[in-house]
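Coordinates from data.cif are shown below (mmCIF, N, CA, C and O atoms).
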data_run
loop_
_atom_site.label_atom_id
_atom_site.label_comp_id
_atom_site.auth_asym_id
_atom_site.auth_seq_id
_atom_site.Cartn_x
_atom_site.Cartn_y
_atom_site.Cartn_z
N MET A 1 -3.20 -21.48 -2.85
CA MET A 1 -1.78 -21.80 -2.84
C MET A 1 -1.16 -21.28 -1.56
O MET A 1 -1.58 -20.28 -1.00
N ASN A 2 -0.13 -21.93 -1.12
CA ASN A 2 0.63 -21.56 0.08
C ASN A 2 1.12 -20.11 -0.01
O ASN A 2 1.66 -19.69 -1.02
N GLN A 3 0.94 -19.35 1.07
CA GLN A 3 1.36 -17.94 1.10
C GLN A 3 2.86 -17.79 0.91
O GLN A 3 3.32 -16.77 0.42
N ASP A 4 3.64 -18.79 1.29
CA ASP A 4 5.09 -18.72 1.16
C ASP A 4 5.60 -19.35 -0.14
O ASP A 4 6.79 -19.48 -0.32
N ALA A 5 4.68 -19.72 -1.00
CA ALA A 5 5.08 -20.37 -2.25
C ALA A 5 5.83 -19.37 -3.14
O ALA A 5 5.49 -18.20 -3.19
N PRO A 6 6.85 -19.84 -3.85
CA PRO A 6 7.64 -18.93 -4.68
C PRO A 6 6.92 -18.50 -5.96
O PRO A 6 7.31 -17.52 -6.59
N ILE A 7 5.86 -19.22 -6.35
CA ILE A 7 5.09 -18.89 -7.55
C ILE A 7 3.60 -18.83 -7.16
O ILE A 7 3.11 -19.73 -6.50
N ARG A 8 2.93 -17.78 -7.60
CA ARG A 8 1.48 -17.68 -7.46
C ARG A 8 0.89 -17.78 -8.86
O ARG A 8 1.43 -17.23 -9.81
N ILE A 9 -0.24 -18.47 -8.97
CA ILE A 9 -0.89 -18.66 -10.25
C ILE A 9 -2.22 -17.93 -10.24
O ILE A 9 -3.01 -18.09 -9.31
N GLU A 10 -2.45 -17.13 -11.29
CA GLU A 10 -3.72 -16.43 -11.46
C GLU A 10 -4.18 -16.64 -12.89
O GLU A 10 -3.38 -16.53 -13.82
N ASP A 11 -5.46 -16.92 -13.05
CA ASP A 11 -6.04 -17.09 -14.38
C ASP A 11 -6.93 -15.89 -14.70
O ASP A 11 -7.68 -15.42 -13.86
N ASP A 12 -6.81 -15.42 -15.94
CA ASP A 12 -7.64 -14.33 -16.45
C ASP A 12 -8.10 -14.75 -17.84
O ASP A 12 -7.43 -14.47 -18.84
N GLY A 13 -9.19 -15.50 -17.87
CA GLY A 13 -9.65 -16.06 -19.13
C GLY A 13 -8.65 -17.09 -19.62
O GLY A 13 -8.28 -18.00 -18.89
N ALA A 14 -8.19 -16.93 -20.84
CA ALA A 14 -7.25 -17.88 -21.43
C ALA A 14 -5.80 -17.55 -21.07
O ALA A 14 -4.89 -18.26 -21.49
N VAL A 15 -5.59 -16.50 -20.28
CA VAL A 15 -4.23 -16.10 -19.89
C VAL A 15 -3.94 -16.60 -18.48
O VAL A 15 -4.67 -16.32 -17.54
N ARG A 16 -2.86 -17.35 -18.35
CA ARG A 16 -2.41 -17.81 -17.04
C ARG A 16 -1.19 -16.98 -16.66
O ARG A 16 -0.20 -16.93 -17.37
N HIS A 17 -1.30 -16.33 -15.50
CA HIS A 17 -0.20 -15.52 -14.96
C HIS A 17 0.57 -16.38 -13.97
O HIS A 17 -0.01 -16.95 -13.04
N LEU A 18 1.88 -16.49 -14.17
CA LEU A 18 2.78 -17.15 -13.23
C LEU A 18 3.58 -16.02 -12.59
O LEU A 18 4.37 -15.36 -13.27
N ILE A 19 3.36 -15.81 -11.31
CA ILE A 19 3.93 -14.65 -10.63
C ILE A 19 4.98 -15.10 -9.61
O ILE A 19 4.66 -15.84 -8.68
N MET A 20 6.21 -14.65 -9.82
CA MET A 20 7.28 -14.97 -8.88
C MET A 20 7.05 -14.14 -7.61
O MET A 20 6.84 -12.93 -7.69
N CYS A 21 7.09 -14.80 -6.47
CA CYS A 21 6.73 -14.16 -5.19
C CYS A 21 7.88 -14.14 -4.20
O CYS A 21 7.70 -14.42 -3.01
N ARG A 22 9.05 -13.81 -4.66
CA ARG A 22 10.21 -13.72 -3.76
C ARG A 22 10.74 -12.28 -3.78
O ARG A 22 11.92 -12.03 -3.99
N ALA A 23 9.83 -11.34 -3.57
CA ALA A 23 10.16 -9.92 -3.69
C ALA A 23 11.29 -9.50 -2.74
O ALA A 23 12.14 -8.70 -3.11
N ALA A 24 11.30 -10.05 -1.54
CA ALA A 24 12.32 -9.66 -0.56
C ALA A 24 13.73 -9.99 -1.03
O ALA A 24 14.70 -9.31 -0.67
N SER A 25 13.85 -11.02 -1.88
CA SER A 25 15.16 -11.38 -2.42
C SER A 25 15.25 -11.05 -3.91
O SER A 25 16.02 -11.65 -4.65
N TYR A 26 14.44 -10.09 -4.35
CA TYR A 26 14.43 -9.62 -5.74
C TYR A 26 14.15 -10.77 -6.72
O TYR A 26 14.66 -10.79 -7.82
N ASN A 27 13.33 -11.71 -6.26
CA ASN A 27 12.92 -12.85 -7.08
C ASN A 27 14.10 -13.65 -7.64
O ASN A 27 14.05 -14.16 -8.76
N THR A 28 15.14 -13.76 -6.83
CA THR A 28 16.27 -14.58 -7.24
C THR A 28 15.82 -16.04 -7.35
O THR A 28 14.91 -16.49 -6.66
N ILE A 29 16.49 -16.75 -8.22
CA ILE A 29 16.12 -18.13 -8.51
C ILE A 29 16.79 -19.06 -7.50
O ILE A 29 18.00 -19.00 -7.30
N ASN A 30 15.98 -19.91 -6.90
CA ASN A 30 16.50 -20.95 -6.03
C ASN A 30 15.80 -22.26 -6.41
O ASN A 30 15.01 -22.30 -7.35
N VAL A 31 16.09 -23.31 -5.69
CA VAL A 31 15.53 -24.62 -6.02
C VAL A 31 14.01 -24.60 -5.93
O VAL A 31 13.32 -25.13 -6.81
N ALA A 32 13.47 -23.99 -4.89
CA ALA A 32 12.01 -23.96 -4.71
C ALA A 32 11.33 -23.22 -5.86
O ALA A 32 10.30 -23.67 -6.37
N LEU A 33 11.89 -22.09 -6.28
CA LEU A 33 11.30 -21.34 -7.39
C LEU A 33 11.40 -22.16 -8.68
O LEU A 33 10.44 -22.24 -9.45
N ARG A 34 12.55 -22.77 -8.92
CA ARG A 34 12.72 -23.60 -10.12
C ARG A 34 11.66 -24.70 -10.17
O ARG A 34 11.00 -24.90 -11.19
N ASP A 35 11.50 -25.41 -9.07
CA ASP A 35 10.56 -26.53 -9.04
C ASP A 35 9.11 -26.07 -9.16
O ASP A 35 8.30 -26.70 -9.85
N ALA A 36 8.77 -24.96 -8.51
CA ALA A 36 7.40 -24.44 -8.58
C ALA A 36 7.10 -23.94 -9.99
O ALA A 36 5.99 -24.16 -10.51
N LEU A 37 8.05 -23.28 -10.62
CA LEU A 37 7.86 -22.80 -11.99
C LEU A 37 7.69 -23.98 -12.94
O LEU A 37 6.81 -23.97 -13.81
N SER A 38 8.49 -25.01 -12.77
CA SER A 38 8.38 -26.20 -13.61
C SER A 38 6.99 -26.82 -13.50
O SER A 38 6.34 -27.14 -14.51
N ALA A 39 6.51 -26.99 -12.28
CA ALA A 39 5.19 -27.58 -12.05
C ALA A 39 4.08 -26.69 -12.63
O ALA A 39 3.12 -27.20 -13.22
N ALA A 40 4.22 -25.38 -12.48
CA ALA A 40 3.20 -24.45 -12.98
C ALA A 40 3.15 -24.47 -14.51
O ALA A 40 2.06 -24.42 -15.10
N ILE A 41 4.29 -24.55 -15.16
CA ILE A 41 4.33 -24.61 -16.62
C ILE A 41 3.71 -25.92 -17.10
O ILE A 41 2.91 -25.95 -18.04
N ASP A 42 4.06 -27.02 -16.44
CA ASP A 42 3.50 -28.32 -16.80
C ASP A 42 1.98 -28.32 -16.65
O ASP A 42 1.26 -28.83 -17.51
N ALA A 43 1.49 -27.75 -15.55
CA ALA A 43 0.04 -27.69 -15.33
C ALA A 43 -0.65 -26.86 -16.41
O ALA A 43 -1.71 -27.24 -16.91
N ALA A 44 -0.06 -25.74 -16.78
CA ALA A 44 -0.63 -24.91 -17.83
C ALA A 44 -0.63 -25.64 -19.17
O ALA A 44 -1.59 -25.53 -19.95
N ASP A 45 0.43 -26.38 -19.42
CA ASP A 45 0.55 -27.11 -20.68
C ASP A 45 -0.52 -28.19 -20.79
O ASP A 45 -0.95 -28.53 -21.90
N GLN A 46 -0.96 -28.72 -19.68
CA GLN A 46 -1.98 -29.77 -19.66
C GLN A 46 -3.41 -29.22 -19.67
O GLN A 46 -4.36 -29.96 -19.87
N ASP A 47 -3.56 -27.91 -19.44
CA ASP A 47 -4.87 -27.27 -19.34
C ASP A 47 -5.24 -26.67 -20.70
O ASP A 47 -4.66 -25.68 -21.12
N ASP A 48 -6.23 -27.25 -21.36
CA ASP A 48 -6.62 -26.80 -22.70
C ASP A 48 -7.22 -25.39 -22.71
O ASP A 48 -7.30 -24.78 -23.76
N THR A 49 -7.64 -24.89 -21.55
CA THR A 49 -8.22 -23.55 -21.51
C THR A 49 -7.15 -22.46 -21.51
O THR A 49 -7.44 -21.31 -21.79
N VAL A 50 -5.92 -22.83 -21.19
CA VAL A 50 -4.82 -21.86 -21.15
C VAL A 50 -4.23 -21.71 -22.55
O VAL A 50 -3.79 -22.68 -23.16
N LYS A 51 -4.23 -20.48 -23.03
CA LYS A 51 -3.69 -20.20 -24.37
C LYS A 51 -2.42 -19.36 -24.31
O LYS A 51 -1.62 -19.36 -25.24
N VAL A 52 -2.23 -18.62 -23.20
CA VAL A 52 -1.09 -17.72 -23.05
C VAL A 52 -0.54 -17.85 -21.64
O VAL A 52 -1.30 -17.89 -20.67
N LEU A 53 0.78 -17.92 -21.52
CA LEU A 53 1.45 -17.86 -20.22
C LEU A 53 2.12 -16.51 -20.11
O LEU A 53 2.81 -16.06 -21.03
N LEU A 54 1.92 -15.86 -18.98
CA LEU A 54 2.55 -14.57 -18.73
C LEU A 54 3.34 -14.68 -17.44
O LEU A 54 2.78 -14.95 -16.37
N LEU A 55 4.65 -14.54 -17.52
CA LEU A 55 5.53 -14.62 -16.36
C LEU A 55 5.73 -13.22 -15.81
O LEU A 55 6.16 -12.32 -16.53
N ARG A 56 5.37 -13.04 -14.54
CA ARG A 56 5.47 -11.74 -13.87
C ARG A 56 6.18 -11.93 -12.55
O ARG A 56 6.51 -13.04 -12.16
N ALA A 57 6.36 -10.81 -11.85
CA ALA A 57 7.03 -10.87 -10.54
C ALA A 57 6.52 -9.79 -9.62
O ALA A 57 6.14 -8.70 -10.07
N GLU A 58 6.51 -10.09 -8.34
CA GLU A 58 6.20 -9.09 -7.32
C GLU A 58 7.46 -8.31 -7.00
O GLU A 58 8.57 -8.79 -7.20
N GLY A 59 7.29 -7.11 -6.46
CA GLY A 59 8.42 -6.35 -5.95
C GLY A 59 9.09 -5.45 -6.96
O GLY A 59 8.58 -5.20 -8.05
N LYS A 60 10.28 -4.98 -6.59
CA LYS A 60 11.02 -3.99 -7.37
C LYS A 60 11.78 -4.58 -8.55
O LYS A 60 12.16 -3.85 -9.46
N ALA A 61 12.04 -5.87 -8.53
CA ALA A 61 12.85 -6.49 -9.59
C ALA A 61 12.09 -7.68 -10.17
O ALA A 61 11.47 -8.45 -9.44
N PHE A 62 12.18 -7.81 -11.49
CA PHE A 62 11.58 -8.99 -12.12
C PHE A 62 12.31 -10.25 -11.64
O PHE A 62 11.72 -11.17 -11.12
N CYS A 63 13.62 -10.27 -11.81
CA CYS A 63 14.43 -11.40 -11.36
C CYS A 63 15.89 -10.97 -11.38
O CYS A 63 16.40 -10.58 -12.42
N ALA A 64 16.53 -11.05 -10.24
CA ALA A 64 17.93 -10.62 -10.12
C ALA A 64 18.91 -11.78 -10.37
O ALA A 64 20.06 -11.70 -9.99
N GLY A 65 18.45 -12.84 -11.02
CA GLY A 65 19.34 -13.95 -11.35
C GLY A 65 19.31 -15.04 -10.29
O GLY A 65 18.35 -15.18 -9.53
N PHE A 66 20.37 -15.80 -10.24
CA PHE A 66 20.45 -16.90 -9.28
C PHE A 66 20.76 -16.36 -7.90
O PHE A 66 21.56 -15.43 -7.74
N GLY A 67 20.13 -16.97 -6.89
CA GLY A 67 20.39 -16.60 -5.50
C GLY A 67 21.74 -17.14 -5.07
O GLY A 67 21.87 -18.32 -4.77
N LEU A 68 22.73 -16.30 -5.07
CA LEU A 68 24.09 -16.76 -4.74
C LEU A 68 24.22 -17.19 -3.29
O LEU A 68 25.12 -17.96 -2.96
N ASP A 69 23.34 -16.72 -2.43
CA ASP A 69 23.41 -17.10 -1.02
C ASP A 69 23.29 -18.62 -0.86
O ASP A 69 24.11 -19.25 -0.24
N TRP A 70 22.28 -19.23 -1.46
CA TRP A 70 22.09 -20.68 -1.31
C TRP A 70 23.05 -21.47 -2.17
O TRP A 70 23.53 -22.53 -1.75
N SER A 71 23.38 -21.01 -3.37
CA SER A 71 24.28 -21.79 -4.22
C SER A 71 25.71 -21.78 -3.70
O SER A 71 26.40 -22.79 -3.75
N THR A 72 26.14 -20.65 -3.18
CA THR A 72 27.48 -20.56 -2.60
C THR A 72 27.59 -21.44 -1.37
O THR A 72 28.59 -22.13 -1.17
N LEU A 73 26.54 -21.45 -0.56
CA LEU A 73 26.52 -22.30 0.63
C LEU A 73 26.60 -23.78 0.24
O LEU A 73 27.36 -24.54 0.82
N ASN A 74 25.86 -24.17 -0.78
CA ASN A 74 25.90 -25.57 -1.25
C ASN A 74 27.28 -25.94 -1.78
O ASN A 74 27.76 -27.04 -1.53
N GLN A 75 27.93 -25.03 -2.51
CA GLN A 75 29.27 -25.32 -3.01
C GLN A 75 30.26 -25.47 -1.86
O GLN A 75 31.14 -26.33 -1.91
N ALA A 76 30.12 -24.65 -0.83
CA ALA A 76 31.00 -24.76 0.34
C ALA A 76 30.80 -26.10 1.04
O ALA A 76 31.78 -26.75 1.45
N ARG A 77 29.56 -26.55 1.14
CA ARG A 77 29.27 -27.85 1.74
C ARG A 77 29.90 -28.98 0.93
O ARG A 77 30.46 -29.91 1.49
N GLU A 78 29.78 -28.89 -0.38
CA GLU A 78 30.36 -29.93 -1.24
C GLU A 78 31.87 -29.98 -1.09
O GLU A 78 32.47 -31.06 -1.05
N ALA A 79 32.50 -28.82 -1.04
CA ALA A 79 33.96 -28.78 -0.90
C ALA A 79 34.39 -29.41 0.42
O ALA A 79 35.37 -30.16 0.46
N THR A 80 33.64 -29.17 1.47
CA THR A 80 33.94 -29.74 2.78
C THR A 80 33.73 -31.25 2.77
O THR A 80 34.45 -31.99 3.42
N ALA A 81 32.74 -31.70 1.99
CA ALA A 81 32.39 -33.12 1.97
C ALA A 81 33.21 -33.93 0.99
O ALA A 81 32.91 -35.08 0.74
N GLY A 82 34.22 -33.35 0.38
CA GLY A 82 35.06 -34.15 -0.49
C GLY A 82 35.40 -33.49 -1.81
O GLY A 82 35.94 -34.13 -2.69
N GLY A 83 35.06 -32.26 -1.96
CA GLY A 83 35.47 -31.56 -3.17
C GLY A 83 34.33 -31.28 -4.13
O GLY A 83 33.27 -31.90 -4.07
N TRP A 84 34.58 -30.35 -5.00
CA TRP A 84 33.60 -29.93 -5.99
C TRP A 84 33.55 -30.94 -7.12
O TRP A 84 34.57 -31.38 -7.64
N ASP A 85 32.37 -31.31 -7.51
CA ASP A 85 32.16 -32.27 -8.60
C ASP A 85 31.62 -31.49 -9.80
O ASP A 85 30.46 -31.08 -9.82
N SER A 86 32.47 -31.27 -10.79
CA SER A 86 32.09 -30.44 -11.94
C SER A 86 30.94 -31.05 -12.73
O SER A 86 30.08 -30.33 -13.25
N MET A 87 30.87 -32.37 -12.85
CA MET A 87 29.78 -33.01 -13.59
C MET A 87 28.45 -32.83 -12.86
O MET A 87 27.42 -32.57 -13.47
N HIS A 88 28.48 -32.96 -11.54
CA HIS A 88 27.27 -32.74 -10.75
C HIS A 88 26.81 -31.29 -10.90
O HIS A 88 25.61 -31.03 -11.05
N ASP A 89 27.74 -30.37 -10.89
CA ASP A 89 27.42 -28.96 -11.05
C ASP A 89 26.81 -28.70 -12.42
O ASP A 89 25.82 -27.97 -12.55
N LEU A 90 27.35 -29.31 -13.46
CA LEU A 90 26.82 -29.17 -14.81
C LEU A 90 25.40 -29.72 -14.91
O LEU A 90 24.52 -29.10 -15.52
N GLN A 91 25.15 -30.86 -14.28
CA GLN A 91 23.80 -31.44 -14.28
C GLN A 91 22.82 -30.52 -13.55
O GLN A 91 21.69 -30.34 -13.99
N ARG A 92 23.25 -29.95 -12.44
CA ARG A 92 22.40 -29.05 -11.67
C ARG A 92 22.06 -27.81 -12.50
O ARG A 92 20.91 -27.38 -12.56
N ILE A 93 23.05 -27.23 -13.15
CA ILE A 93 22.81 -26.06 -14.00
C ILE A 93 21.85 -26.43 -15.13
O ILE A 93 20.94 -25.66 -15.47
N GLY A 94 22.03 -27.59 -15.70
CA GLY A 94 21.14 -28.05 -16.76
C GLY A 94 19.70 -28.18 -16.33
O GLY A 94 18.78 -27.95 -17.11
N SER A 95 19.48 -28.52 -15.06
CA SER A 95 18.10 -28.66 -14.58
C SER A 95 17.39 -27.31 -14.58
O SER A 95 16.19 -27.22 -14.82
N TYR A 96 18.12 -26.23 -14.34
CA TYR A 96 17.53 -24.89 -14.38
C TYR A 96 17.24 -24.50 -15.83
O TYR A 96 16.18 -23.96 -16.14
N ALA A 97 18.17 -24.76 -16.71
CA ALA A 97 17.98 -24.44 -18.13
C ALA A 97 16.79 -25.19 -18.70
O ALA A 97 16.01 -24.63 -19.48
N ALA A 98 16.61 -26.43 -18.29
CA ALA A 98 15.49 -27.24 -18.78
C ALA A 98 14.15 -26.62 -18.39
O ALA A 98 13.21 -26.60 -19.18
N VAL A 99 14.06 -26.12 -17.17
CA VAL A 99 12.81 -25.50 -16.72
C VAL A 99 12.52 -24.24 -17.52
O VAL A 99 11.40 -24.05 -18.02
N PHE A 100 13.50 -23.37 -17.68
CA PHE A 100 13.26 -22.13 -18.40
C PHE A 100 13.00 -22.37 -19.89
O PHE A 100 12.27 -21.61 -20.52
N SER A 101 13.55 -23.43 -20.45
CA SER A 101 13.27 -23.72 -21.85
C SER A 101 11.82 -24.18 -22.04
O SER A 101 11.28 -24.07 -23.14
N LYS A 102 11.19 -24.66 -20.97
CA LYS A 102 9.77 -25.04 -21.06
C LYS A 102 8.91 -23.84 -21.44
O LYS A 102 7.87 -24.01 -22.06
N LEU A 103 9.33 -22.65 -21.07
CA LEU A 103 8.57 -21.46 -21.43
C LEU A 103 8.49 -21.29 -22.95
O LEU A 103 7.53 -20.74 -23.47
N HIS A 104 9.49 -21.78 -23.65
CA HIS A 104 9.52 -21.66 -25.11
C HIS A 104 8.87 -22.85 -25.81
O HIS A 104 8.38 -22.71 -26.92
N SER A 105 8.85 -23.98 -25.14
CA SER A 105 8.41 -25.18 -25.83
C SER A 105 7.02 -25.66 -25.45
O SER A 105 6.47 -26.52 -26.12
N CYS A 106 6.43 -25.11 -24.40
CA CYS A 106 5.11 -25.61 -24.00
C CYS A 106 4.07 -25.19 -25.04
O CYS A 106 4.17 -24.15 -25.67
N SER A 107 3.06 -26.03 -25.20
CA SER A 107 2.05 -25.77 -26.22
C SER A 107 1.11 -24.65 -25.83
O SER A 107 0.44 -24.07 -26.68
N SER A 108 1.03 -24.30 -24.55
CA SER A 108 0.15 -23.23 -24.11
C SER A 108 0.66 -21.86 -24.56
O SER A 108 -0.12 -20.94 -24.76
N ALA A 109 1.96 -21.72 -24.68
CA ALA A 109 2.54 -20.43 -25.05
C ALA A 109 2.51 -20.27 -26.56
O ALA A 109 3.48 -20.47 -27.24
N ARG A 110 1.33 -19.93 -27.06
CA ARG A 110 1.18 -19.74 -28.51
C ARG A 110 0.37 -18.50 -28.80
O ARG A 110 -0.31 -17.96 -28.04
#
So that I can check it, write out the structure of this file as structure tokens.
Amino acid sequence: MNQDAPIRIEDDGAVRHLIMCRAASYNTINVALRDALSAAIDAADQDDTVKVLLLRAEGKAFCAGFGLDWSTLNQAREATAGGWDSMHDLQRIGSYAAVFSKLHSCSSAR
């Protein structure tokens, strides 16, 4: 896997470790981490040898929440480009919730 990837995957028998690799930013959630986590959960769900998913993180913090640096910048861009769109914002937030709910609903996590 790419050294700069936000998620590293390690297998230990039937246990798949999904490791957040954004230690410098306290593993804050951004688009790249969301998408990598989604793909990693989907891959584990399709792999019959995986029986347990374990979400871990590098660094001092497991996850300090959403990375406000990138989200605030995006909101400023939207405001400059014609204003904030609350429905678009709601859809974007929903995309993050959908990924994290996969941790509860995937068949590998049993």
### Task
Give the answer as one residue: which of A:Ser107, A:Thr80, A:Ser86, A:Asn27 has the shortest atom-to-atom distance to Gly59 (chain A), using all atoms listed in the file?
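Using all atoms listed in the file, Gly59 (chain A) sits closest to A:Asn27.
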### Query
Hey, which of A:His17, A:Ala24, A:Ile41, A:Val31 ends up closest to Lys102 (chain A)? Count only N, CA, C and O atoms.
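Closest to Lys102 (chain A), using only N, CA, C and O atoms: A:Ile41.
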### Query
Skipping near chain neighbours, those fewer than 4 positions away, what residues fall within 8 Å of Ala5 (chain A) using all atoms listed in the file, listed as a list in words?
Met1, Ile19, Met20, Cys21, Arg22, Ala32, Leu33 and Ala36 of chain A
### Task
Identify which of the residues A:Leu18, A:Ile29, A:Leu90, A:Leu55 lies closest to Leu68 (chain A), counting only N, CA, C and O atoms when measuring atom-to-atom distances.
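Of A:Leu18, A:Ile29, A:Leu90, A:Leu55, the one nearest Leu68 (chain A), counting only N, CA, C and O atoms, is A:Ile29.
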### Message
With only C-alpha atoms as the counted atoms, please give the residues lying no more than 10 Å from Gly13 (chain A), apart from itself and same-chain residues fewer than 2 positions off, as JSON, numbers by chain.
### Response
{"A": [10, 11, 15, 16, 49, 50, 51, 52]}
### Query
How would you write, as a list of chain:residue names, the set of residues in region 20-90 of chain A that DSSP gives as strand (DSSP E)?
A:Met20, A:Val52, A:Leu53, A:Leu54, A:Leu55, A:Arg56, A:Ala57
### Message
Can you measure atom C of Ala44 (chain A) to atom N of Ser95 (chain A) for me? One decimal in Å is fine.
### Response
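Result for atom C of Ala44 (chain A) versus atom N of Ser95 (chain A): 20.7 Å, one decimal.
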Report as lines of an AutoDock Vina configuration file the centre and the edge lengths, in Å to one decimal, of the axis-aligned box holding every listed atom of region 50-62 of chain A, padded by 3 Å on each side.
center_x = 3.5
center_y = -13.3
center_z = -15.6
size_x = 24.8
size_y = 25.0
size_z = 25.3
### Task
Would you mind reading off the distance between CA of Tyr96 (chain A) and CA of Lys60 (chain A), one decimal, in Å?
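Distance between the two atoms: 23.0 Å.
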### Task
Report the distance between atom C of Phe62 (chain A) and atom C of Tyr26 (chain A) in Å, rounded to one decimal place.
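For atom C of Phe62 (chain A) relative to atom C of Tyr26 (chain A), the distance reads 5.3 Å.
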### Task
Identify, on the basis of only C-alpha atoms, every residue whose closest approach to Phe100 (chain A) does not exceed 9 Å; exclude the query and any residue fewer than 6 positions from it along the same chain; express the result as a VMD selection string.
chain A and resid 34 37 to 38
### Message
Counting all atoms listed in the file, which residue out of A:Met87, A:Ala14, A:Cys106, A:Val99 sits closest to Asp45 (chain A)?
### Response
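With all atoms listed in the file as the atom set, the closest residue is A:Cys106.
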### Task
Within chain A, find each residue whose DSSP state, derived from the backbone, is alpha helix (DSSP H), and express the selection as a ChimeraX atom specification.
/A:31-46,68-80,86-105
### Task
Considering only C-alpha atoms, state which residue in the set A:His104, A:Ala81, A:Arg8, A:Asn30 is at the smallest distance from Gly65 (chain A).
A:Asn30
